[in-house]
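One file, structure-v8.txt, is given below (compact mmCIF, C-alpha atoms).
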# COMPACT_ATOMS: atom_id res chain seq x y z
CA MET A 1 0.00 0.00 0.00
CA ARG A 2 2.82 2.40 0.81
CA ALA A 3 4.43 1.78 -2.58
CA ALA A 4 1.13 2.58 -4.31
CA ALA A 5 0.79 5.77 -2.26
CA ARG A 6 4.33 6.81 -3.20
CA ARG A 7 3.59 6.14 -6.90
CA TRP A 8 0.41 8.17 -6.63
CA ARG A 9 2.16 11.10 -4.92
CA ARG A 10 4.95 10.96 -7.49
CA GLY A 11 2.41 11.00 -10.34
CA VAL A 12 0.44 13.89 -8.85
CA PHE A 13 3.67 15.77 -8.20
CA LEU A 14 4.78 15.24 -11.83
CA LEU A 15 1.40 16.42 -13.13
CA ALA A 16 1.57 19.51 -10.89
CA ILE A 17 5.11 20.35 -11.98
CA LEU A 18 4.26 19.88 -15.63
CA ALA A 19 1.14 22.04 -15.29
CA LEU A 20 3.18 24.79 -13.63
CA MET A 21 5.80 24.57 -16.37
CA SER A 22 3.10 25.11 -18.99
CA THR A 23 2.33 28.56 -17.56
CA SER A 24 5.86 29.94 -17.69
CA ARG A 25 7.05 32.52 -20.24
CA VAL A 26 5.58 32.32 -23.73
CA GLY A 27 8.66 30.99 -25.53
CA ARG A 28 9.27 28.36 -22.94
CA SER A 29 5.56 27.57 -22.55
CA GLN A 30 5.19 26.75 -26.22
CA GLU A 31 8.08 24.32 -26.00
CA VAL A 32 6.83 22.52 -22.87
CA ALA A 33 3.04 22.76 -23.42
CA GLY A 34 3.25 20.95 -26.72
CA PRO A 35 3.94 17.31 -27.44
CA ALA A 36 6.26 16.68 -24.47
CA LEU A 37 3.70 17.85 -21.93
CA LYS A 38 0.88 15.90 -23.59
CA ALA A 39 3.09 12.80 -23.65
CA ALA A 40 3.70 13.21 -19.90
CA PHE A 41 -0.03 13.40 -19.28
CA LEU A 42 -0.62 10.28 -21.39
CA PHE A 43 2.03 8.36 -19.46
CA ASN A 44 0.42 9.38 -16.18
CA PHE A 45 -3.01 8.32 -17.45
CA VAL A 46 -1.77 4.74 -17.94
CA LYS A 47 -0.23 4.74 -14.47
CA PHE A 48 -3.64 5.45 -12.94
CA THR A 49 -5.78 3.20 -15.14
CA THR A 50 -6.44 -0.51 -14.70
CA TRP A 51 -7.43 -2.75 -17.59
CA PRO A 52 -9.25 -6.08 -17.23
CA VAL A 53 -6.87 -9.04 -16.86
CA ASP A 54 -8.21 -10.60 -20.08
CA VAL A 55 -7.15 -7.44 -21.94
CA LEU A 56 -3.82 -6.77 -20.25
CA PRO A 57 -2.50 -9.97 -18.64
CA ASP A 58 0.44 -9.89 -16.23
CA ALA A 59 3.74 -9.00 -17.96
CA ALA A 60 2.03 -8.31 -21.32
CA PRO A 61 3.17 -5.12 -23.08
CA LEU A 62 0.97 -2.04 -22.73
CA LEU A 63 0.32 -0.52 -26.16
CA MET A 64 -0.07 3.25 -26.45
CA CYS A 65 -1.32 4.25 -29.91
CA VAL A 66 -1.28 7.67 -31.57
CA VAL A 67 -3.48 8.70 -34.49
CA ASN A 68 -2.86 11.80 -36.66
CA ASP A 69 -0.08 13.35 -34.57
CA PRO A 70 3.52 12.27 -35.33
CA ALA A 71 4.94 14.87 -32.90
CA ILE A 72 3.00 13.30 -30.00
CA GLY A 73 4.07 9.86 -31.19
CA GLN A 74 7.74 10.86 -31.11
CA SER A 75 7.47 12.62 -27.75
CA LEU A 76 5.59 9.69 -26.26
CA SER A 77 8.18 7.22 -27.56
CA SER A 78 10.93 9.29 -25.95
CA ALA A 79 9.02 9.71 -22.68
CA VAL A 80 8.34 6.00 -22.18
CA ARG A 81 11.54 4.51 -23.59
CA GLY A 82 12.81 1.90 -21.15
CA ARG A 83 9.91 2.45 -18.75
CA ALA A 84 7.29 0.06 -17.47
CA VAL A 85 4.04 0.42 -15.57
CA LEU A 86 3.22 -2.26 -13.00
CA GLY A 87 5.40 -4.78 -14.81
CA HIS A 88 4.11 -3.91 -18.28
CA GLU A 89 6.65 -2.80 -20.87
CA ILE A 90 5.27 0.18 -22.76
CA ARG A 91 5.18 0.23 -26.54
CA VAL A 92 4.15 3.15 -28.74
CA MET A 93 2.61 2.73 -32.18
CA GLU A 94 1.45 5.35 -34.66
CA THR A 95 -1.50 4.01 -36.65
CA ASP A 96 -4.84 4.84 -38.15
CA ALA A 97 -5.71 1.33 -39.30
CA PRO A 98 -9.15 0.51 -37.86
CA SER A 99 -8.15 -3.15 -37.43
CA ALA A 100 -5.25 -2.17 -35.13
CA LEU A 101 -7.12 0.27 -32.90
CA ARG A 102 -8.83 -2.33 -30.67
CA ALA A 103 -5.40 -3.75 -29.75
CA CYS A 104 -4.44 -0.42 -28.17
CA HIS A 105 -4.70 0.10 -24.43
CA LEU A 106 -4.43 3.88 -24.72
CA LEU A 107 -5.42 5.62 -27.94
CA TYR A 108 -4.53 9.29 -28.44
CA VAL A 109 -6.46 10.84 -31.34
CA SER A 110 -5.72 14.19 -32.94
CA GLY A 111 -6.90 15.88 -36.10
CA THR A 112 -10.37 17.03 -37.04
CA ARG A 113 -13.37 16.44 -34.82
CA ALA A 114 -14.90 14.21 -37.50
CA ASP A 115 -11.74 12.05 -37.66
CA ALA A 116 -11.59 11.81 -33.87
CA LEU A 117 -15.23 10.77 -33.59
CA LYS A 118 -14.82 8.18 -36.34
CA THR A 119 -11.82 6.70 -34.51
CA VAL A 120 -13.66 6.65 -31.18
CA ALA A 121 -16.63 4.93 -32.81
CA ALA A 122 -14.28 2.16 -34.00
CA VAL A 123 -13.35 1.31 -30.38
CA ARG A 124 -16.59 2.22 -28.60
CA ASN A 125 -17.06 0.10 -25.46
CA ALA A 126 -13.76 -1.70 -26.10
CA PRO A 127 -11.30 -1.54 -23.17
CA VAL A 128 -9.33 1.28 -24.80
CA LEU A 129 -8.55 4.51 -22.94
CA THR A 130 -9.36 7.11 -25.61
CA VAL A 131 -7.74 10.54 -25.22
CA SER A 132 -7.82 13.63 -27.43
CA ASP A 133 -7.45 17.39 -27.43
CA VAL A 134 -10.45 17.74 -29.75
CA GLN A 135 -13.17 20.01 -28.35
CA ALA A 136 -16.06 18.23 -26.56
CA PHE A 137 -14.32 14.87 -26.96
CA THR A 138 -15.65 13.40 -23.72
CA SER A 139 -19.24 14.39 -24.52
CA ALA A 140 -18.90 12.65 -27.89
CA GLY A 141 -17.86 9.27 -26.48
CA GLY A 142 -14.16 9.76 -25.65
CA ILE A 143 -12.85 8.97 -22.18
CA ALA A 144 -10.30 11.75 -21.54
CA GLN A 145 -9.96 15.18 -23.09
CA LEU A 146 -6.92 17.44 -22.83
CA HIS A 147 -7.72 21.15 -22.81
CA VAL A 148 -6.17 24.46 -21.84
CA GLN A 149 -7.79 26.25 -18.92
CA GLN A 150 -6.43 29.50 -17.50
CA GLY A 151 -3.20 28.97 -19.40
CA GLN A 152 -2.62 25.45 -18.05
CA LEU A 153 -3.02 22.08 -19.69
CA ARG A 154 -5.84 20.25 -17.91
CA PHE A 155 -7.91 17.17 -18.58
CA ALA A 156 -11.50 16.05 -18.28
CA ILE A 157 -12.59 12.45 -17.81
CA ALA A 158 -15.89 10.74 -18.58
CA PRO A 159 -16.05 8.08 -15.83
CA ASP A 160 -19.26 6.48 -17.15
CA THR A 161 -17.65 5.99 -20.56
CA ALA A 162 -14.59 4.47 -18.89
CA ARG A 163 -16.77 2.05 -16.93
CA ALA A 164 -18.63 1.04 -20.11
CA ALA A 165 -15.20 0.24 -21.59
CA ARG A 166 -14.38 -1.91 -18.52
CA LEU A 167 -11.61 0.46 -17.42
CA HIS A 168 -10.98 1.47 -13.84
CA ILE A 169 -9.58 4.97 -13.49
CA SER A 170 -8.13 5.72 -10.09
CA SER A 171 -10.12 8.12 -7.95
CA LYS A 172 -6.83 9.91 -7.39
CA LEU A 173 -6.73 10.81 -11.08
CA LEU A 174 -10.44 11.61 -11.19
CA THR A 175 -10.02 14.22 -8.46
CA LEU A 176 -7.52 16.10 -10.65
CA ALA A 177 -9.88 16.19 -13.66
CA ARG A 178 -11.43 19.53 -14.64
CA LYS A 179 -14.28 20.09 -17.08
CA PRO A 180 -13.40 22.27 -20.06
Could you render the structure from this file as structure tokens?
Amino acid sequence: MRAAARRWRRGVFLLAILALMSTSRVGRSQEVAGPALKAAFLFNFVKFTTWPVDVLPDAAPLLMCVVNDPAIGQSLSSAVRGRAVLGHEIRVMETDAPSALRACHLLYVSGTRADALKTVAAVRNAPVLTVSDVQAFTSAGGIAQLHVQQGQLRFAIAPDTARAARLHISSKLLTLARKP
């Protein structure tokens, strides 16, 4: 239990530091608030999400997929290189092939709203943590939406959608969520 509490505090601390960094001077903010900051949020999302055992068995790799955003894909690959979450090696894949999307554990979707909604529809109710920065993503069936609020990168979560997808999102993460 103490190890889990330390991981949680470390994750919250990282999110807080990254959020503070996103509000610094304009030149620096643009550098940090972009792909690297979003990649850090995505990594923290997987640390506080639990997938069903039939979807993510012990020691199986955790697959983080990126659609329509090569910069996020590269930043995410760099951020997770050599890292694991609860014994799961993390792999990053850039794809838009509908047949590959249901194999993803986390799916980050960028691009137009229509593209994002089409991608979400392809994995609806599958145990895939869908994340996007597209406006009103959570109200359109996505699970987590990144958005800027008062100059800081924040996120919203749709807990009912996560439950329908058989995902358990830690209450610790849910308390940090903010509606856009």
Taking a cut-off of 8 Å and counting only C-alpha atoms, can you build a table that, for each residue of region 95-160 of chain A near region 45-69 of chain A, reports the nearest atom pair and how far apart they are in Å (one decimal), sorted by chain then residue number, as CSV?
residue,atom,partner,partner_atom,distance
A:Thr95,CA,A:Val67,CA,5.5
A:Asp96,CA,A:Val67,CA,5.5
A:Leu101,CA,A:Cys65,CA,7.6
A:Ala103,CA,A:Leu63,CA,7.5
A:Cys104,CA,A:Leu63,CA,5.2
A:His105,CA,A:Leu63,CA,5.3
A:Leu106,CA,A:Met64,CA,4.7
A:Leu107,CA,A:Cys65,CA,4.8
A:Tyr108,CA,A:Val66,CA,4.8
A:Val109,CA,A:Val67,CA,4.8
A:Ser110,CA,A:Asn68,CA,5.3
A:Gly111,CA,A:Asn68,CA,5.8
A:Pro127,CA,A:Trp51,CA,6.9
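Computed from the coordinates, the CA of Gly142 (chain A) to CA of Lys118 (chain A) distance equals 10.8 Å.
The space separating CA of Ala140 (chain A) from CA of Arg178 (chain A) comes to 16.7 Å.
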Coordinates-based distance that separates CA of His88 (chain A) from CA of Leu37 (chain A) (Å, one decimal):
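Answer for the CA of Leu37 (chain A) to CA of His88 (chain A) separation: 22.1 Å.
The smallest atom-to-atom distance between Ala177 (chain A) and any of A:Phe41, A:Gly151, A:Ile72, A:Arg83, using only C-alpha atoms, is found for A:Phe41.
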In terms of the shortest atom-to-atom distance over only C-alpha atoms, which of A:Pro35, A:Ala165, A:Phe155, A:Val85 is closest to Arg102 (chain A)?
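Counting only C-alpha atoms, the residue closest to Arg102 (chain A) is A:Ala165.
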Taking all listed atoms of region 161-167 of chain A, build the axis-aligned box, pad each of the six sides by 3 Å, then write its centre and edge lengths in Å to one decimal as AutoDock Vina command-line options.
--center_x -15.1 --center_y 2.0 --center_z -19.3 --size_x 13.0 --size_y 13.9 --size_z 10.7
Among listed residues A:Phe43, A:Ser171, A:Val123, A:Ile143, nearest Arg91 (chain A) (using all atoms listed in the file):
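The shortest atom-to-atom distance to Arg91 (chain A) comes from A:Phe43.
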Which one is closest to Asp160 (chain A): A:Ala116, A:Thr175, A:Val134, A:Asn125? Count all atoms listed in the file.
A:Asn125
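Of the residues listed (A:Thr161, A:Gln145, A:Gln74, A:Ser170), A:Thr161 shows the shortest atom-to-atom separation from Arg124 (chain A); distances use only C-alpha atoms.
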